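Novice: Pasting in a structure now, in structure tokens, and then I'll have a few things to ask.
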Amino acid sequence: MKTILLNSIKQALFSLYSIDDKSIIISIEKTREGFTGDFTFVVFPILQFSKKKTEETANEIGSYISKQCDIISSYNIVKGFLNISIKNNIWISELNKIFFSKEEKTENKSTVMIEFSSPNTNKPLHLGHIRNNLLGDSISRIIEKDGNKVIKVNLINDRGIHICKSMLAWIKWGNGATPESTGIKGDKFVGDYYVLFNDKYKKQIEDLIKEGKTEEEAKNAATLLLETRELLRKWENNDTEIIKIWNLMNSWVYQGFEITYKNLGISFDKIYYESQTYLLGKSVVTEGLEKGIFVRDTDNSVWIDLTNEGLDRKILLRSDGTTVYITQDIGTVLKRFEEYNPDKLIYVVGDEQNYHFEVLKKIISKIDPENSEKIKHLSYGMVELPDGKMKSREGTVVDADDLIENMIQTAEEISETSGKINELESYEKNEIIHQIALGALKYYILKIDPKKQIIYNPKESIDFNGNTGPFIQYTFARIESILKNAEKLNFNYNFKLSENIKLSEIELKIISELLEFKNTIHEAAEKYNPGIIANYIFELAKNYNQFYHDNNILKETNRDILHLRLILSKQVSITIKESMNLLGIKVPNKM
RNA sequence: GGUCUGGUAGCUCAGUUGGAUAGAGCAACAGCCUUCUAAGCUGUGGGUCAUAGGUUCGAAUCCUAUCCAGAUCACCA
């Protein structure tokens, strides 16, 4: 419909003022609230070609297209704005089209690999990780829905000096305790030992300073740190005893993560472990050295000089030959292109690493220029508390499991008061409450533009009214209830709507929104922004609620109008379900 | 200090790539349940779009400077 209109305008411009596509970008937009019309064409840019007055130009275009194009019912002009109204029956025929068109399976346009989550095995998941997980999961769904093949990957940070800290603490002070013996969730259990290590280490340093050492000396002399380093050496030399403990502790963590992932409804196609990838980049660096991309310093460390490109010098191999963070990233990038040859490789990582990814792209561009352009860093703002950053060491962390548990409790209370699902079986009730709790949480996080930071105030609970997940779920449940009651009317949905119905303003608005669904998905996929989907559903649900309030659908006596309203409702419910699914949110039939 | 990101109603956020009178939701206030689910609907109040210049028919949107907040610039990851 929009394309027909656009083409007609293009034709008008060409035949009236000989303007072709290339000399100017022609676009139409939705008519603003408060003005008559469905679409608006701004004529100001045309004046330089028409050399006529604004009104006159607008009039010429208006009368040309309304003769040419038979979907137009009327037009009006306000200043330089040409407002065009579309015939009523065209809207209905468009609704017929989307309702009866079978979901065409689009061929996979391209293959997109998305890395997200990437947890550290020392730290239980907190609200920051939740944002990462939800963004990664949602954007995967959106890109897939937009017609691409998506591979979701997770790279678990399971090695390094920090992992040795919790291992050392457990060996020294754990007395053989396990998550089973203590009843603590696996990832929390290990996380506690990490905290314990830091406490003891801090104390040791304080003691050393009291003995008269400087802070610097104390840090190097602390036996705990020396022992940790020794542990790391043993690990890297494949010491069987250490590897055994490492495997054991990791298995606890993974059991814990599994529960949280399941609660969040998140899964991966492939899981990488850093312990298996951390050596990858080394050979690439050696090759690069020979080609002169990298340089070796006098102390034997290897660097890349990016000062010409506005960045700094960056180390790639330490003087002792070991790799750093970015070295393994170089390796995994190249390996992924080799194994899967994705058209895009997206990293969902916080904006604190913007610089890291800038450097990574630059480095790859020197080794493999073609693929470097396919790397995309989906950067998002940190989640912070009103008084600053969450710090696991200081205990100012909003724990993922606790937060989910809180949400479930609130959902339960609200549901209890409303009493609408009280008579259900408890397993069914719990399922619905879980859906609502997670709907509220996910929507709350995802509706915000990823690049903005979120300040989460634990004292103000996440809302269940207004622009929220539950509001949309509620709208869906209401529609489902209507459709269920409508079954008694034995309505046959399989014939097309009569096009002679006069649509109300709100009906027209809803139809026009339904028509935008596909474009919205595409836009969200292009911009890597689930918030666009969230805003879209909210608008749709809000308008539907107004429509619901204004019309008693099932009491309508005119069969044609009843038919229209049922199909409209059904299409809205389908659209809500699909778009909520893009945010990873389930919608209940009752609530 | 250099670089990057953000600053829109008391609070949380939109603003379709430069268009008309800047919009929602919370919170406040006033209404609406004998009628398909009131987690809903309707209405009222609330703004120097951080500030100052510039670009043009037209700026919250583009440019420059300044202020505020955050991130980053490691032989950490």
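Please note that chains go A, B, ... in the order of the structure tokens, that every chain numbers its residues from 1, and that ligands are numbered from 1 in the order shown.
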Return as a PyMOL selection string the full set of residues in stretch 445-486 of chain A whose backbone-based DSSP assignment is alpha helix (DSSP H).

Specialist: chain A and resi 445-446+469-486

Novice: Keeping only N, CA, C and O atoms, write the selected residues as a short mmCIF file (atom, residue, chain, number, x, y, z; two decimals), in the first residue's frame.

Specialist:
```cif
data_model
loop_
_atom_site.label_atom_id
_atom_site.label_comp_id
_atom_site.auth_asym_id
_atom_site.auth_seq_id
_atom_site.Cartn_x
_atom_site.Cartn_y
_atom_site.Cartn_z
N ILE A 445 13.89 -4.55 31.20
CA ILE A 445 15.27 -4.41 30.73
C ILE A 445 15.34 -4.14 29.24
O ILE A 445 16.10 -3.30 28.78
N LEU A 446 14.53 -4.86 28.48
CA LEU A 446 14.68 -4.81 27.02
C LEU A 446 14.08 -3.57 26.38
O LEU A 446 14.45 -3.22 25.27
N GLY A 469 5.63 -5.49 30.80
CA GLY A 469 5.34 -6.81 30.25
C GLY A 469 3.95 -7.30 30.64
O GLY A 469 3.17 -7.72 29.78
N PRO A 470 3.62 -7.28 31.93
CA PRO A 470 2.31 -7.78 32.35
C PRO A 470 1.13 -7.06 31.68
O PRO A 470 0.11 -7.68 31.39
N PHE A 471 1.28 -5.77 31.41
CA PHE A 471 0.22 -5.03 30.72
C PHE A 471 -0.07 -5.67 29.36
O PHE A 471 -1.23 -5.88 28.98
N ILE A 472 0.99 -6.03 28.66
CA ILE A 472 0.82 -6.62 27.34
C ILE A 472 0.31 -8.05 27.46
O ILE A 472 -0.57 -8.47 26.70
N GLN A 473 0.83 -8.77 28.44
CA GLN A 473 0.34 -10.13 28.67
C GLN A 473 -1.14 -10.11 29.01
O GLN A 473 -1.91 -10.95 28.56
N TYR A 474 -1.53 -9.12 29.78
CA TYR A 474 -2.93 -8.97 30.18
C TYR A 474 -3.82 -8.73 28.96
O TYR A 474 -4.89 -9.32 28.84
N THR A 475 -3.35 -7.86 28.08
CA THR A 475 -4.11 -7.59 26.86
C THR A 475 -4.30 -8.88 26.06
O THR A 475 -5.38 -9.16 25.56
N PHE A 476 -3.24 -9.64 26.00
CA PHE A 476 -3.31 -10.91 25.27
C PHE A 476 -4.33 -11.85 25.92
O PHE A 476 -5.18 -12.44 25.24
N ALA A 477 -4.26 -11.96 27.25
CA ALA A 477 -5.17 -12.87 27.97
C ALA A 477 -6.63 -12.48 27.74
O ALA A 477 -7.49 -13.33 27.58
N ARG A 478 -6.87 -11.18 27.71
CA ARG A 478 -8.24 -10.72 27.45
C ARG A 478 -8.71 -11.14 26.06
O ARG A 478 -9.84 -11.58 25.89
N ILE A 479 -7.86 -10.97 25.09
CA ILE A 479 -8.25 -11.35 23.73
C ILE A 479 -8.52 -12.85 23.66
O ILE A 479 -9.51 -13.29 23.09
N GLU A 480 -7.63 -13.61 24.28
CA GLU A 480 -7.82 -15.06 24.28
C GLU A 480 -9.17 -15.41 24.88
O GLU A 480 -9.87 -16.32 24.40
N SER A 481 -9.54 -14.68 25.93
CA SER A 481 -10.81 -14.94 26.58
C SER A 481 -11.98 -14.64 25.64
O SER A 481 -12.93 -15.42 25.56
N ILE A 482 -11.87 -13.56 24.90
CA ILE A 482 -12.92 -13.25 23.91
C ILE A 482 -13.00 -14.35 22.87
O ILE A 482 -14.07 -14.85 22.54
N LEU A 483 -11.85 -14.72 22.34
CA LEU A 483 -11.84 -15.72 21.27
C LEU A 483 -12.41 -17.04 21.76
O LEU A 483 -13.05 -17.77 21.01
N LYS A 484 -12.15 -17.33 23.03
CA LYS A 484 -12.70 -18.56 23.59
C LYS A 484 -14.22 -18.48 23.67
O LYS A 484 -14.93 -19.41 23.25
N ASN A 485 -14.71 -17.35 24.18
CA ASN A 485 -16.16 -17.17 24.25
C ASN A 485 -16.79 -17.14 22.86
O ASN A 485 -17.94 -17.54 22.69
N ALA A 486 -16.03 -16.66 21.91
CA ALA A 486 -16.57 -16.56 20.55
C ALA A 486 -16.78 -17.92 19.91
O ALA A 486 -17.55 -18.06 18.96
#
```

Novice: Any idea which chain B residues end up within 10 Å of chain A if we count only C-alpha atoms (C1' of nucleotides), as a compact mmCIF listing (two decimals) with N, CA, C and O atoms (P, O5', C5', C4', C3', O3' and C1' of nucleotides), in the first residue's frame please?

Specialist:
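File result_16.txt, as written:
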```
# COMPACT_ATOMS: atom_id res chain seq x y z
P G B 2 41.72 17.04 26.33
O5' G B 2 42.11 15.69 25.58
C5' G B 2 43.09 15.69 24.55
C4' G B 2 43.22 14.31 23.98
C3' G B 2 41.92 13.68 23.49
O3' G B 2 41.56 14.11 22.19
C1' G B 2 43.06 12.13 24.84
P U B 3 40.00 14.29 21.81
O5' U B 3 39.48 12.79 21.72
C5' U B 3 40.00 11.90 20.72
C4' U B 3 39.48 10.51 20.97
C3' U B 3 37.97 10.39 21.07
O3' U B 3 37.34 10.36 19.81
C1' U B 3 38.98 9.19 22.85
P C B 4 35.84 10.97 19.68
O5' C B 4 34.96 9.83 20.38
C5' C B 4 34.89 8.52 19.83
C4' C B 4 34.14 7.60 20.76
C3' C B 4 32.74 8.06 21.15
O3' C B 4 31.79 7.78 20.15
C1' C B 4 33.88 7.33 23.08
P U B 5 30.46 8.73 20.03
O5' U B 5 29.59 8.31 21.29
C5' U B 5 29.07 7.00 21.41
C4' U B 5 28.39 6.80 22.74
C3' U B 5 27.32 7.82 23.11
O3' U B 5 26.09 7.57 22.46
C1' U B 5 28.70 7.44 24.98
P G B 6 25.10 8.81 22.12
O5' G B 6 24.57 9.19 23.57
C5' G B 6 23.48 8.49 24.14
C4' G B 6 23.37 8.77 25.60
C3' G B 6 22.77 10.12 25.98
O3' G B 6 21.36 10.09 25.92
C1' G B 6 24.70 9.77 27.26
P U B 12 15.20 8.82 36.67
O5' U B 12 14.32 7.71 35.91
C5' U B 12 14.15 6.42 36.49
C4' U B 12 13.41 5.54 35.52
C3' U B 12 13.90 5.59 34.08
O3' U B 12 15.04 4.77 33.88
C1' U B 12 11.53 5.75 34.11
P C B 13 15.96 5.03 32.59
O5' C B 13 14.84 5.21 31.47
C5' C B 13 15.11 5.31 30.11
C4' C B 13 13.83 5.05 29.38
C3' C B 13 13.81 5.52 27.94
O3' C B 13 14.44 4.57 27.10
C1' C B 13 11.80 6.16 29.00
P A B 14 14.98 4.99 25.66
O5' A B 14 13.63 4.91 24.83
C5' A B 14 13.15 6.06 24.24
C4' A B 14 11.89 5.75 23.48
C3' A B 14 11.87 6.42 22.11
O3' A B 14 12.41 5.57 21.13
C1' A B 14 9.98 7.07 23.34
P U B 16 13.17 9.76 15.46
O5' U B 16 12.83 9.18 14.01
C5' U B 16 13.60 8.11 13.46
C4' U B 16 12.72 7.19 12.67
C3' U B 16 12.18 7.74 11.36
O3' U B 16 13.12 7.67 10.30
C1' U B 16 10.44 6.71 12.54
P G B 19 12.42 15.05 10.65
O5' G B 19 11.70 16.25 11.38
C5' G B 19 10.34 16.12 11.70
C4' G B 19 9.64 17.44 11.50
C3' G B 19 8.16 17.27 11.18
O3' G B 19 7.47 18.38 11.75
C1' G B 19 9.19 18.44 9.42
P A B 20 7.15 18.27 13.36
O5' A B 20 6.06 19.44 13.40
C5' A B 20 6.42 20.76 12.99
C4' A B 20 5.15 21.47 12.59
C3' A B 20 4.06 21.43 13.65
O3' A B 20 3.34 22.66 13.59
C1' A B 20 3.26 20.42 11.67
P U B 21 3.78 23.83 14.59
O5' U B 21 3.31 23.26 16.00
C5' U B 21 3.68 23.96 17.17
C4' U B 21 3.05 23.31 18.37
C3' U B 21 3.47 21.86 18.61
O3' U B 21 3.51 21.64 20.02
C1' U B 21 1.13 21.98 18.38
P A B 24 0.36 11.30 24.54
O5' A B 24 0.73 9.79 24.86
C5' A B 24 1.25 9.50 26.12
C4' A B 24 1.84 8.13 26.11
C3' A B 24 1.84 7.52 27.49
O3' A B 24 0.64 6.80 27.69
C1' A B 24 4.03 7.52 26.63
P G B 25 -0.16 6.99 29.05
O5' G B 25 0.72 6.13 30.05
C5' G B 25 1.01 4.78 29.74
C4' G B 25 2.09 4.27 30.65
C3' G B 25 1.93 4.66 32.10
O3' G B 25 1.00 3.81 32.74
C1' G B 25 4.14 5.08 31.44
P C B 26 0.42 4.20 34.15
O5' C B 26 1.68 3.81 35.04
C5' C B 26 1.65 4.09 36.39
C4' C B 26 3.04 4.19 36.95
C3' C B 26 3.07 5.07 38.18
O3' C B 26 2.68 4.31 39.31
C1' C B 26 4.75 5.78 36.71
P U B 35 -21.31 -6.95 35.34
O5' U B 35 -21.76 -6.61 33.85
C5' U B 35 -22.50 -7.57 33.09
C4' U B 35 -22.34 -7.28 31.63
C3' U B 35 -20.90 -7.14 31.16
O3' U B 35 -20.34 -8.41 30.87
C1' U B 35 -22.20 -5.36 30.28
P C B 36 -18.85 -8.68 31.21
O5' C B 36 -18.25 -9.07 29.78
C5' C B 36 -18.71 -10.28 29.16
C4' C B 36 -17.66 -10.84 28.24
C3' C B 36 -16.22 -10.72 28.73
O3' C B 36 -15.87 -11.83 29.54
C1' C B 36 -16.37 -10.07 26.43
P U B 37 -14.26 -12.00 29.98
O5' U B 37 -13.74 -10.60 30.55
C5' U B 37 -14.23 -10.07 31.74
C4' U B 37 -13.07 -9.62 32.61
C3' U B 37 -12.31 -8.42 32.07
O3' U B 37 -12.02 -7.55 33.16
C1' U B 37 -10.81 -10.16 32.53
P A B 38 -12.44 -5.98 33.08
O5' A B 38 -11.46 -5.23 34.06
C5' A B 38 -10.10 -5.02 33.71
C4' A B 38 -9.41 -4.28 34.84
C3' A B 38 -9.58 -4.95 36.19
O3' A B 38 -8.41 -4.76 36.97
C1' A B 38 -10.46 -2.77 36.27
P A B 39 -7.31 -5.91 37.08
O5' A B 39 -6.04 -5.27 36.37
C5' A B 39 -5.48 -4.09 36.88
C4' A B 39 -4.06 -3.99 36.40
C3' A B 39 -3.92 -4.01 34.88
O3' A B 39 -2.80 -3.22 34.49
C1' A B 39 -2.80 -5.87 35.79
P G B 40 -3.03 -1.73 33.99
O5' G B 40 -4.39 -1.86 33.18
C5' G B 40 -4.39 -2.47 31.89
C4' G B 40 -5.77 -2.33 31.28
C3' G B 40 -6.19 -0.91 30.95
O3' G B 40 -5.69 -0.50 29.70
C1' G B 40 -7.92 -1.96 32.16
P C B 41 -5.39 1.01 29.39
O5' C B 41 -6.86 1.58 29.30
C5' C B 41 -7.67 1.34 28.17
C4' C B 41 -8.97 2.06 28.32
C3' C B 41 -8.85 3.58 28.40
O3' C B 41 -8.73 4.17 27.13
C1' C B 41 -10.27 2.81 30.12
P U B 42 -7.87 5.50 26.97
O5' U B 42 -8.83 6.60 27.59
C5' U B 42 -10.10 6.87 26.98
C4' U B 42 -10.84 7.91 27.77
C3' U B 42 -10.05 9.17 28.11
O3' U B 42 -10.00 10.07 27.02
C1' U B 42 -11.23 8.44 30.02
P C B 57 16.77 28.21 2.91
O5' C B 57 15.55 28.38 3.92
C5' C B 57 14.79 29.60 3.97
C4' C B 57 13.45 29.30 4.56
C3' C B 57 13.49 28.59 5.90
O3' C B 57 13.64 29.50 6.98
C1' C B 57 11.96 27.48 4.48
P G B 58 14.61 29.13 8.19
O5' G B 58 13.94 27.82 8.78
C5' G B 58 12.76 27.93 9.55
C4' G B 58 12.36 26.60 10.08
C3' G B 58 13.48 25.73 10.63
O3' G B 58 14.07 26.25 11.83
C1' G B 58 12.14 24.40 9.26
P G B 70 30.15 9.94 37.49
O5' G B 70 30.18 8.84 36.34
C5' G B 70 29.29 7.74 36.39
C4' G B 70 29.28 7.01 35.07
C3' G B 70 30.61 6.43 34.61
O3' G B 70 30.95 5.24 35.30
C1' G B 70 29.53 7.45 32.79
P A B 71 32.47 4.80 35.42
O5' A B 71 32.80 4.32 33.94
C5' A B 71 32.19 3.14 33.43
C4' A B 71 32.59 2.96 31.98
C3' A B 71 34.07 2.84 31.74
O3' A B 71 34.55 1.53 31.98
C1' A B 71 33.15 4.37 30.21
P U B 72 35.97 1.30 32.60
O5' U B 72 36.92 1.59 31.36
C5' U B 72 36.85 0.81 30.18
C4' U B 72 37.60 1.48 29.08
C3' U B 72 39.06 1.78 29.39
O3' U B 72 39.87 0.65 29.13
C1' U B 72 38.04 3.71 28.48
P C B 73 41.26 0.45 29.85
O5' C B 73 42.18 1.49 29.07
C5' C B 73 42.71 1.20 27.79
C4' C B 73 43.46 2.39 27.29
C3' C B 73 44.64 2.81 28.15
O3' C B 73 45.79 2.03 27.85
C1' C B 73 43.36 4.71 27.57
P A B 74 46.80 1.66 28.99
O5' A B 74 47.34 0.34 28.27
C5' A B 74 47.07 -0.91 28.73
C4' A B 74 48.16 -1.44 29.65
C3' A B 74 48.19 -2.97 29.64
O3' A B 74 49.48 -3.54 29.57
C1' A B 74 47.52 -2.16 31.80
P C B 75 50.80 -3.09 30.13
O5' C B 75 51.23 -4.58 30.02
C5' C B 75 50.32 -5.51 29.51
C4' C B 75 50.63 -6.87 30.07
C3' C B 75 50.84 -6.80 31.59
O3' C B 75 50.15 -7.87 32.17
C1' C B 75 52.81 -7.61 30.46
P C B 76 49.59 -8.58 33.13
O5' C B 76 48.21 -7.83 33.41
C5' C B 76 47.07 -8.05 32.64
C4' C B 76 45.96 -8.55 33.52
C3' C B 76 44.90 -9.34 32.81
O3' C B 76 45.29 -10.69 32.66
C1' C B 76 43.89 -7.73 34.23
P A B 77 44.93 -11.47 31.33
O5' A B 77 43.34 -11.59 31.42
C5' A B 77 42.71 -12.44 32.37
C4' A B 77 41.24 -12.17 32.32
C3' A B 77 40.60 -12.36 30.95
O3' A B 77 40.22 -13.71 30.74
C1' A B 77 39.96 -10.26 31.83
```

Novice: Rank B:G53, B:G31, B:G45, B:G1 by their smallest atom-to-atom distance to B:U66, using only C-alpha atoms (C1' of nucleotides), and report the top residue only.

Specialist: B:G53

Novice: Choose the residue, out of A:Asp297, A:Asn263, A:Lys149, A:Gly128, that has the smallest atom-to-atom separation from A:Leu385; count only C-alpha atoms.

Specialist: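 Answer, going by the shortest atom-to-atom distance: A:Gly128.
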
Novice: Would you mind listing what lies within 10 Å of B:G18 as a list of chain:residue names, with only C-alpha atoms (C1' of nucleotides) counted and same-chain residues fewer than 5 positions away left out?

Specialist: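 So the residues in contact are B:U56, B:G58, B:A59, B:U61, B:C62.
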
Novice: Please provide the set of residues having any atom within 12 Å of B:C67, restricted to only C-alpha atoms (C1' of nucleotides), with same-chain residues fewer than 4 positions apart removed, written as a list of chain:residue names.

Specialist: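 The neighbour list is B:G7, B:A50, B:U51, B:A52.
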
Novice: Please return as a ChimeraX atom specification: the residues of stretch 236-419 of chain A that backbone DSSP assigns to strand (DSSP E).

Specialist: /A:270-273,295-296,302-305,313-317,344-350,375-380,383-384

Novice: Show me, as number ranges by chain, the residues that have an atom within 12 Å of B:G47 when counting only C-alpha atoms (C1' of nucleotides), minus same-chain residues fewer than 2 positions from it.

Specialist: B: 8-10, 22-23, 49, 60

Novice: Residues near A:Asn89, anyone? I mean within 7 Å using only C-alpha atoms (C1' of nucleotides), not counting same-chain ones fewer than 4 positions away, as a ChimeraX atom specification.

Specialist: /A:93,499-500

Novice: Store the residues of this selection in a file with N, CA, C and O atoms, as a compact mmCIF listing (two decimals), in the first residue's frame.

Specialist:
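Full text of again24.txt as output:
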```txt
# COMPACT_ATOMS: atom_id res chain seq x y z
N SER A 93 -8.87 -4.67 2.93
CA SER A 93 -8.25 -5.69 2.07
C SER A 93 -6.82 -5.98 2.51
O SER A 93 -6.34 -7.11 2.40
N GLU A 499 -15.52 -5.81 2.42
CA GLU A 499 -14.76 -4.56 2.38
C GLU A 499 -15.65 -3.33 2.50
O GLU A 499 -15.18 -2.20 2.39
N ASN A 500 -16.93 -3.55 2.75
CA ASN A 500 -17.84 -2.39 2.81
C ASN A 500 -18.13 -1.90 4.22
O ASN A 500 -19.13 -1.25 4.46
```

Novice: Atom CA of A:Leu583 to atom CA of A:Leu403: how many Å, to one decimal?

Specialist: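 Separation of atom CA of A:Leu583 and atom CA of A:Leu403: 18.6 Å.
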